[in-house]
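All remarks here apply to the structure that follows.
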Amino acid sequence: MKQKMFFTLLLSAVSLLSWGADGDDFYRNPIINTSLPDPTVIRANDGYYYLYATENIRNLPIYRSKNLVDWEFVATAFTPESRPQWNPKGNLWAPDINYINGKYVLYYAKSEWGGEWTCGIGVATADKPEGPFTDHGALFTSRDIDVQNSIDGFYIEDHGKKYLFWGSFHGIFGIELTDDGLAVKPGAEKKQVAGTFMEGTYIHRHGGYYYLIGSAGSCCEGERSTYHVTCGRSKDLFGPYVDKLGRSLMDNHYETILRRSDDVVGPGHNSEIISDDRGQDWILYHGFSATDPRAGRLLYMDRVDWVDGWPYIAGGRPSKVSESPDVGAILLADPTIYAEDGKYYLYGTSPNSAIGRFEVYTSDDLLSWQGPAGVLGGYALSPDCYGTKGFWAPQIIKHKGSYRMIYTANEHIAIAQSDSPLGPFTQEKAEEIATPMKAIDPFIFFDDNGKPYLFHVRLTKGNRIYVAEMNKDLKSIKEKTAREAISVEDGWENTAKTEWGVAEGPTVVKIGKTYYLFYSANDFRNPDYAVGYATATSPLGPWKKHGKPIITRRQMGENGTGHGDLFKDKDGKWMYVFHTHNNRNQVGPRRTAVVELNFDGKDFSAVEGTFRFLSLP
């Protein structure tokens with residue numbers, strides 16, 4: 001059960017609270033030497049990991065970290081004024097953070113010790129992971145739902161539907177929610193999935209199975225605590241869940257995956273299993289220090305491997321020192337690299353594209369990157385420029401002595417100007433380039449005679465690549481010249497066989513008398529997202545497709561390989577910068593990568609062994 005721990009707590013809201021990492025490659029447990037029971041973690045759209053815990057700091061503490069090891073306290077989810085008022089004697093326990101329909105949605109339990117019929121699950125929302133959160137009241141109480149001790153909520157989406165699982169030592173139950181996740185769906189009926197041995201419910205999908213993970217034993221008795229982490233699995237979200245011998249969790253059978261050690265007592269109530277930038281899984285949980293149990297339930301972390309289809313933590317016990325998560329990848333989708341005077345400037349779609357303004361990273365060698373380095377707090381585009389949301393796919397060019405950024409916002413195209421590639425890029429008037437329909441993914445190409453062309457994607461019965469001559473001011477196009485260059489065909493361009501085909505991310509280069517148009521096809525969420533090219537003898541086409549893609553997940557070993565830009569490094573080698581999915585189970589935030597391309601005088605191909613992710617020191 002979740003119980004407010006009355007321990008003395010001294011915090012600085014801005015100080016780092018890592019308990020001692022052994023350099024960059026290793027960390028030491030506990031990762032936060034402060035009582036933070038029942039953790040929940042999310043990687044937000046700004047690239048930070050955010051952690052929420054039971055209210056040893058009243059009103060639910062929030063921490064954040066770039067690397068899962070070094071954490072800083074940033075806020076509480078509620079203030080005394082915004083604190084949920086239902087069940088007024090109850091404390092806030094066991095939060096569960098999620099991102100639903102563009103909102104951060106926080107489920108929480110509100111209970112007083114022993115109030116097993118008055119407690120329940122509440123829900124609050126925020127626009128940012130650090131809050132402020134607005135409470136929407138109770139989803140239900142124990143009496144409402146007729147489940148004793150209704151605490152420890154966990155949210156999951158499955159096959160387009162939204163569910164909440166909950167319970168504590170009186171059975172684990174699940175029920176369908178409304179589409180916004182803020183209420184029980186009318187007419188939905190609860191279903192029990194596990195017996196009376198567990199609480200702290202969490203369900204994780206892996207390898208075709210659902211893994212029901214929770215904690216058994218006593219959570220909160222200091223050195224006498226018997227808490228330990230348990231698991232069962234099923235082919236269906238609602239079970240039946242079984243242990244390795246096929247015995248049912250409804251009959252209180254289970255596998256133990258984490259138990260006490262000589263140093264940690266009562267490890268349990270784990271967070272979500274979360275992946276680092278290399279796809280390695282990690283789990284956070286609380287436990288008592290065997291030498292100082294009065295310090296409360298401290299925060300620990302361990303690596304999760306998968307052995308014979310089951311989660312495995314080395315030795316089944318908390319580690320003392322472990323190799324650090326691999327975090328530090330640059331997380332820009334739709335990337336572009338502008339090279340000038342031996343320096344490379346990297347731009348792309350931010351993990352939170354609503355922020356806009358476009359981060360800039362710099363490098364002297366394509367290996368070591370610094371930033372974000374844009375003059376506007378790391379960003380390059382002035383907030384006074386066109387657009388309020390959906391800032392995607394920038395391109396940087398130099399024209400008549402100044403730098404131009406052409407970009408997507410509000411599903412239209414705009415262009416801004418600066419004296420530096422670091423910005424600020426500004427507009428005399430906040431306006432888009434007029435097109436007869438929604439248009440995204442711009443790329444300006446100058447022919448040998450200096451005539452500019454705008455390659456872009458129009459949203460018309462699919463994502464289709466168009467080309468049109470631009471006027472000399474680069475602020476408008478000659479619509480009469482616009483024509484379709486690339487649309488999707490069956491085969492590698494549409495492996496999901498969707499009605500709305502996707503061809504996007506154009507980049508154009510001229511070699512000799514031939515024009516090469518690089519593009520990506522398949523929806524970016526599809527693992528088969530890939531890069532191909534077409535050729536023509538004029539910027540206006542017609543374009544002949546090469547036939548096979550040259551950058552694919554089978555070649556790169558990563559899902560979602562696409563939407564990038566072609567450039568030459570300082571040695572004259574052709575390079576292509578692009579994004580991939582975050583890992584094999586998660587699309588975003590997308591990771592930025594680069595690969596060398598070979599050109600044999602006629603065709604392009606990826607050079608084997610040159611794929612690499614871009615990362616910060």
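If you're wondering about the labels, chains in the structure tokens are A, B, ... by order shown, residues count from 1 in each chain, ligands from 1 in order shown.
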
Checklist entry - Hey, what does DSSP flag as strand (DSSP E) within region 414-548 of chain A? Can you give it to me as a ChimeraX atom specification? => result /A:414-418,439-446,452-459,463-469,483-486,503-511,514-521,530-536,544-545

Which neighbours of His269 (chain A) fall inside 9 Å, counting only C-alpha atoms, when residues of the same chain fewer than 6 positions from it are skipped, and could you give them as a PDB file with N, CA and C atoms, in the first residue's frame?
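part-v8.pdb written:
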```pdb
ATOM      1  N   PRO A  37       8.655   7.412  -3.176  1.00  0.00           N
ATOM      2  CA  PRO A  37       7.964   6.137  -3.406  1.00  0.00           C
ATOM      3  C   PRO A  37       7.143   6.128  -4.695  1.00  0.00           C
ATOM      4  N   ASP A  38       6.926   4.923  -5.224  1.00  0.00           N
ATOM      5  CA  ASP A  38       5.962   4.679  -6.288  1.00  0.00           C
ATOM      6  C   ASP A  38       6.225   5.535  -7.537  1.00  0.00           C
ATOM      7  N   PRO A  39       7.425   5.475  -8.092  1.00  0.00           N
ATOM      8  CA  PRO A  39       7.759   6.377  -9.203  1.00  0.00           C
ATOM      9  C   PRO A  39       7.032   6.028 -10.490  1.00  0.00           C
ATOM     10  N   ALA A  94       0.947   7.185  -5.536  1.00  0.00           N
ATOM     11  CA  ALA A  94       1.077   6.353  -6.739  1.00  0.00           C
ATOM     12  C   ALA A  94       0.627   7.040  -8.031  1.00  0.00           C
ATOM     13  N   GLU A 199      -0.025  -5.311  -5.874  1.00  0.00           N
ATOM     14  CA  GLU A 199      -0.459  -3.939  -6.114  1.00  0.00           C
ATOM     15  C   GLU A 199       0.588  -3.282  -7.021  1.00  0.00           C
ATOM     16  N   GLY A 200       0.475  -1.967  -7.231  1.00  0.00           N
ATOM     17  CA  GLY A 200       1.449  -1.278  -8.069  1.00  0.00           C
ATOM     18  C   GLY A 200       1.443  -1.781  -9.498  1.00  0.00           C
ATOM     19  N   THR A 201       0.251  -1.908 -10.076  1.00  0.00           N
ATOM     20  CA  THR A 201       0.078  -2.551 -11.374  1.00  0.00           C
ATOM     21  C   THR A 201       0.800  -1.811 -12.500  1.00  0.00           C
ATOM     22  N   TYR A 202       1.429  -2.584 -13.377  1.00  0.00           N
ATOM     23  CA  TYR A 202       2.009  -2.054 -14.612  1.00  0.00           C
ATOM     24  C   TYR A 202       1.968  -3.158 -15.656  1.00  0.00           C
ATOM     25  N   GLY A 214       3.867  -6.227 -10.960  1.00  0.00           N
ATOM     26  CA  GLY A 214       3.394  -5.566  -9.748  1.00  0.00           C
ATOM     27  C   GLY A 214       4.244  -5.961  -8.562  1.00  0.00           C
ATOM     28  N   SER A 215       3.837  -5.528  -7.386  1.00  0.00           N
ATOM     29  CA  SER A 215       4.609  -5.800  -6.176  1.00  0.00           C
ATOM     30  C   SER A 215       3.765  -6.573  -5.174  1.00  0.00           C
ATOM     31  N   ALA A 216       4.433  -7.482  -4.484  1.00  0.00           N
ATOM     32  CA  ALA A 216       3.798  -8.279  -3.429  1.00  0.00           C
ATOM     33  C   ALA A 216       4.547  -8.052  -2.131  1.00  0.00           C
ATOM     34  N   CYS A 219       5.017  -2.964   1.910  1.00  0.00           N
ATOM     35  CA  CYS A 219       5.820  -1.918   1.276  1.00  0.00           C
ATOM     36  C   CYS A 219       6.550  -1.017   2.249  1.00  0.00           C
ATOM     37  N   TYR A 227       8.452  -6.278   0.503  1.00  0.00           N
ATOM     38  CA  TYR A 227       8.088  -5.940  -0.876  1.00  0.00           C
ATOM     39  C   TYR A 227       9.036  -6.603  -1.869  1.00  0.00           C
ATOM     40  N   HIS A 228       8.498  -7.092  -2.985  1.00  0.00           N
ATOM     41  CA  HIS A 228       9.295  -7.627  -4.080  1.00  0.00           C
ATOM     42  C   HIS A 228       8.484  -7.529  -5.363  1.00  0.00           C
ATOM     43  N   VAL A 229       9.150  -7.483  -6.510  1.00  0.00           N
ATOM     44  CA  VAL A 229       8.514  -7.245  -7.801  1.00  0.00           C
ATOM     45  C   VAL A 229       8.185  -8.574  -8.462  1.00  0.00           C
ATOM     46  N   LEU A 284      12.752   1.807 -12.865  1.00  0.00           N
ATOM     47  CA  LEU A 284      12.991   2.548 -11.633  1.00  0.00           C
ATOM     48  C   LEU A 284      12.019   2.048 -10.577  1.00  0.00           C
ATOM     49  N   TYR A 285      12.437   2.063  -9.326  1.00  0.00           N
ATOM     50  CA  TYR A 285      11.611   1.540  -8.239  1.00  0.00           C
ATOM     51  C   TYR A 285      12.103   2.127  -6.931  1.00  0.00           C
ATOM     52  N   HIS A 286      11.332   1.931  -5.879  1.00  0.00           N
ATOM     53  CA  HIS A 286      11.781   2.432  -4.573  1.00  0.00           C
ATOM     54  C   HIS A 286      12.239   1.283  -3.689  1.00  0.00           C
ATOM     55  N   GLY A 287      12.990   1.620  -2.654  1.00  0.00           N
ATOM     56  CA  GLY A 287      13.444   0.636  -1.682  1.00  0.00           C
ATOM     57  C   GLY A 287      14.059   1.339  -0.479  1.00  0.00           C
TER      58      GLY A 287
END
```

Checklist entry - What does the distance between CA of Glu72 (chain A) and CA of Ala329 (chain A) come to in Å, to one decimal place? => result 20.0 Å

Next on the checklist: Quick one: residues within 9 Å of Ala124 (chain A), only C-alpha atoms, excluding same-chain residues fewer than 2 positions away - as a PyMOL selection string?
Outcome noted: chain A and resi 84+104-108+122+126+133-137+182

Next on the checklist: Set the distance at 9 Å and use only C-alpha atoms: which residues neighbour Ile273 (chain A) once local chain neighbours fewer than 2 positions away are removed? I'd like the list as a PyMOL selection string.
Outcome noted: chain A and resi 41+202+204+270-271+275+281-284+304

Could you write out that same residue set with C-alpha atoms as a short mmCIF file (atom, residue, chain, number, x, y, z; two decimals), in the first residue's frame?
```cif
data_model
loop_
_atom_site.label_atom_id
_atom_site.label_comp_id
_atom_site.auth_asym_id
_atom_site.auth_seq_id
_atom_site.Cartn_x
_atom_site.Cartn_y
_atom_site.Cartn_z
CA VAL A 41 8.43 8.13 -15.60
CA TYR A 202 2.01 -2.05 -14.61
CA HIS A 204 4.31 -3.87 -20.54
CA ASN A 270 8.30 0.05 -10.14
CA SER A 271 7.87 2.68 -12.81
CA SER A 275 14.11 2.54 -23.14
CA ASP A 281 15.26 -1.21 -21.15
CA TRP A 282 15.44 0.22 -17.62
CA ILE A 283 13.16 0.15 -14.60
CA LEU A 284 12.99 2.55 -11.63
CA VAL A 304 16.02 -5.00 -17.71
#
```

Checklist outcome for this item: Pairwise distance, CA of Asn410 (chain A) with CA of Asp441 (chain A), equals 11.8 Å

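Proximity to Pro88 (chain A) was assessed for A:Thr118, A:Ser261, A:Ser142, A:Thr435 counting only C-alpha atoms; the smallest distance is recorded for A:Thr118.
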
Checklist entry - With distances taken over only C-alpha atoms, which of A:Phe578, A:Phe197, A:Phe78, A:Tyr516 is nearest to Ala393 (chain A)? => result A:Phe578

Checklist entry - If you run DSSP on the backbone, which residues of region 172-300 of chain A are helix (DSSP H, G or I), as a list in words? => result Gly222, Glu223, Arg224, Leu249, Met250, Asp251, Pro293, Arg294 and Ala295 of chain A

Next on the checklist: Need the shell around Ile465 (chain A): protein/DNA/RNA residues with any atom at most 10 Å away, counting only C-alpha atoms. Skip same-chain ones fewer than 3 positions apart. Format as a list in words?
Outcome noted: Ala439, Ile440, Asp441, Pro442, Phe455, His456, Val457, Arg458, Leu459, Gly462, Arg483, Glu484, Ala485, Ile486, Ser487, Val488, Val502, Ala503, Glu504, Gly505, Pro506 and Tyr519 of chain A

Checklist outcome for this item: A straight line from CA of Ser350 (chain A) to CA of Lys570 (chain A) spans 26.4 Å

Next on the checklist: Can you tell me which residues surround Pro80 (chain A) at a distance of at most 10 Å, considering only C-alpha atoms, apart from same-chain residues fewer than 3 positions away, and format the answer as a list in words?
Outcome noted: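 Here the answer would be Arg58, Asn59, Arg83 and Pro84 of chain A.
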
Using only N, CA and C atoms, please write the residues we just selected to a file, as a PDB file, in the first residue's frame.
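The resulting out.pdb:
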```
ATOM      1  N   ARG A  58       4.670  17.309  -0.332  1.00  0.00           N
ATOM      2  CA  ARG A  58       3.226  17.425  -0.499  1.00  0.00           C
ATOM      3  C   ARG A  58       2.889  17.967  -1.882  1.00  0.00           C
ATOM      4  N   ASN A  59       1.842  17.391  -2.493  1.00  0.00           N
ATOM      5  CA  ASN A  59       1.304  17.795  -3.796  1.00  0.00           C
ATOM      6  C   ASN A  59       2.016  17.157  -4.976  1.00  0.00           C
ATOM      7  N   ARG A  83      -4.698  21.722  -5.259  1.00  0.00           N
ATOM      8  CA  ARG A  83      -4.718  20.348  -4.762  1.00  0.00           C
ATOM      9  C   ARG A  83      -6.124  19.754  -4.854  1.00  0.00           C
ATOM     10  N   PRO A  84      -6.256  18.499  -5.341  1.00  0.00           N
ATOM     11  CA  PRO A  84      -7.587  17.872  -5.427  1.00  0.00           C
ATOM     12  C   PRO A  84      -8.314  17.901  -4.092  1.00  0.00           C
TER      13      PRO A  84
END
```

Checklist outcome for this item: Nearest to Pro30 (chain A), restricted to only C-alpha atoms and choosing among A:Ala290, A:Cys119, A:Leu616, A:Leu540, comes out as A:Ala290
